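What follows is a short report on a single structure.
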Amino acid sequence: MYIKQLYTGCLSEAAYYIESEGEAAIIDPLRDIEPYLTLAHERNATIKYIFETHFHADFVSGHLDLAAATHAPIVYGPETKTGFPVLIAKDGEEFRIGKLTVRALHTPGHTLESTCYLLIDEAGQDHAIFTGDTLFVGDVGRPDLFSGNLSKEELAGMLFDSLNTKIKTLADHVIVYPAHGPGSSCGKNLGPNTSSTIGEQKRDNYALLAEDKANFVSQVTDGLSTPPQYFPINAQINKEGYDTMNKVMERSLQPLSIAAFREKADQGAVILDTRNANTFTEGFVPGSISIGLEGRFAEWAGSLLPFDKPMILVTAAGQEEETIVRLARVGFDKVEGYLEGGYEAWQSAGENIDMIISVDPDELAMDIPHDEHLLIVDVRKPAEFADGHVANAMNLTLSELTDPGSMADLDEHFNLYVHCQGGYRSVIACSIMKREGVHNLRNVNGGFAKMKDQEGLTIEKEKNVLN
């Protein structure tokens with residue numbers, strides 16, 4: 001028996017490779033399928049099944065491309081309806097992989113079709129369960145996503161039943177392999193690890209400690225943040241189907257001359273610059289949105305960029321293909337090319353450029369007493385802001401910046417100092433503001449992580465003031 005977790009940090013996503021006696025299965029594959037094919041080839045195995053735990057909302061799955069490449073059937077659980085051929089497993093149905101058995105356990109709650117897959121070893125003993133978004137380490141899947149007309153309370157009730165009848169009944173030693181780890185928006189507060197055991201989760205997971213269904217529903221539905229805008233789009237793509245990655249690469253991986261790039265920009269294409277955030281601030285094509293590959297790139301792209309507009313890219317040399325692949329993971333298929341020669345070619349040609357002024361926290365502290373029009377804009381999430389922020393700062397979250405009217409209160413007479421926790425999100429925010437015509441801004445280097453210890457900045461936490 002061989003099990004490998006293939007974890008993608010920028011999406012907090014875990015896919016799985018299971019193998020026995022030269023037969024393999026893939027669970028919850030990403031859209032770029034080469035790692036699974038390579039692993040099977042290296043181990044001289046044949047991919048026999050592709051198991052999907054549910055219609056993923058936070059990424060586009062690789063089930064269609066992987067099925068085309070391997071001729072393996074795509075397996076979903078009960079209540080699944082798709083726009084392409086799949087094998088619908090019955091609750092309790094078993095599948096053989098070499099000497100292993102995979103048993104489908106229908107666990108509705110996160111979504112109606114959510115299904116976990118119990119792995120039984122060659123001795124007939126329960127070994128591990130692949131829980132998708134039904135059970136995470138320290139959390140459970142949010143019940144307010146892609147599930148028709150059912151309320152989140154109704155789905156949470158189903159999730160309670162699924163956990164108590166299908167999951168908590170398993171032996172404590174059974175390994176829990178979820179579809180996501182820390183940072184995912186598919187739950188409220190996932191733990192730091194990407195695997196666990198049933199025993200550990202029965203002991204530590206608040207959702208499995210709930211005394212009754214009413215208490216569980218209340219805990220699971222309370223405090224849910226608004227899901228990212230791309231979640232329903234990705235779920236629909238996974239349900240209905242999509243173009244192959246080969247087609248996406250053929251039309252997207254196109255070098256554009258400066259003239260062609262400028263023409264597409266003038267016609268309304270979104271300019272996405274994926275270079276490092278610090279590099280971006282030093283100079284960029286006017287109107288560009290910065291989302292650097294070094295951060296949670298795909299998640300922020302899906303949350304902030306429009307899906308219905310063409311996109312053109314500015315990347316670091318050699319990162320054009322990686323950028324297109326990572327955009328495709330969250331459903332962006334309208335990339336129309338990249339700037340040949342990158343920003344350096346644009347600058348060398350004497351084209352107009354823009355910049356973002358960056359300052360250190362000590363400069364901000366010195367400016368505050370002398371500038372009555374200074375406004376600190378904190379683009380972190382509300383929970384981060386509440387846990388500690390600079391006095392009199394305005395909390396305008398990065399996700400809010402794409403909402404119409406979100407910048408209405410940023411009058412021209414304000415001198416804006418924009419920051420996040422470490423500097424990545426604030427550069428994104430500054431680029432969006434500049435694209436919307438707000439130019440009287442500065443990015444604070446190092447973000448709140450450095451600001452909180454800066455002499456001269458008063459930090460507030462809830463109603464208590466710390467100096």
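Ordering of the structure tokens sets the chain letters (A, B, ...); residue numbers start at 1 within each chain; ligands are numbered from 1 in the order shown.
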### Task
List every residue of stretch 221-324 of chain A that DSSP, applied to the backbone of this structure, places in strand (DSSP E or B), and write the result as a VMD selection string.
chain A and resid 255 to 256 270 to 273 284 289 to 290 311 to 314
### DSSP-assigned helix (DSSP H, G or I) members of stretch 349-424 of chain A, reported as an MDAnalysis selection string
chainID A and resid 361:370 382:386 398:402 424
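Shortest separation to A:Ile237 among A:Asp273, A:Glu363, A:Glu153, A:Asp58 occurs at residue A:Asp58, atoms counted being only C-alpha atoms.
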### Message
Need to verify the contact set: A:Asp387, 9 Å, only C-alpha atoms, exclusion of same-chain residues closer than 3 positions in sequence. Can you return it as a list in words?
### Response
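With the cut-off at 9 Å, the set is Pro382, Ala383, Glu384, Glu460, Lys461 and Glu462 of chain A.
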### Message
Measuring between only C-alpha atoms, which one of A:Leu398, A:Ile175, A:Ala68, A:Ala45 shows the shortest distance to A:Ile33?
### Response
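Of A:Leu398, A:Ile175, A:Ala68, A:Ala45, the one nearest A:Ile33, counting only C-alpha atoms, is A:Ala68.
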### Query
Nearest to A:Glu436 among A:Glu94, A:Met407, A:Gly422, A:Gln125, with distances taken over only C-alpha atoms: which residue is it?
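Comparing A:Glu94, A:Met407, A:Gly422, A:Gln125 against A:Glu436, the winner is A:Met407.
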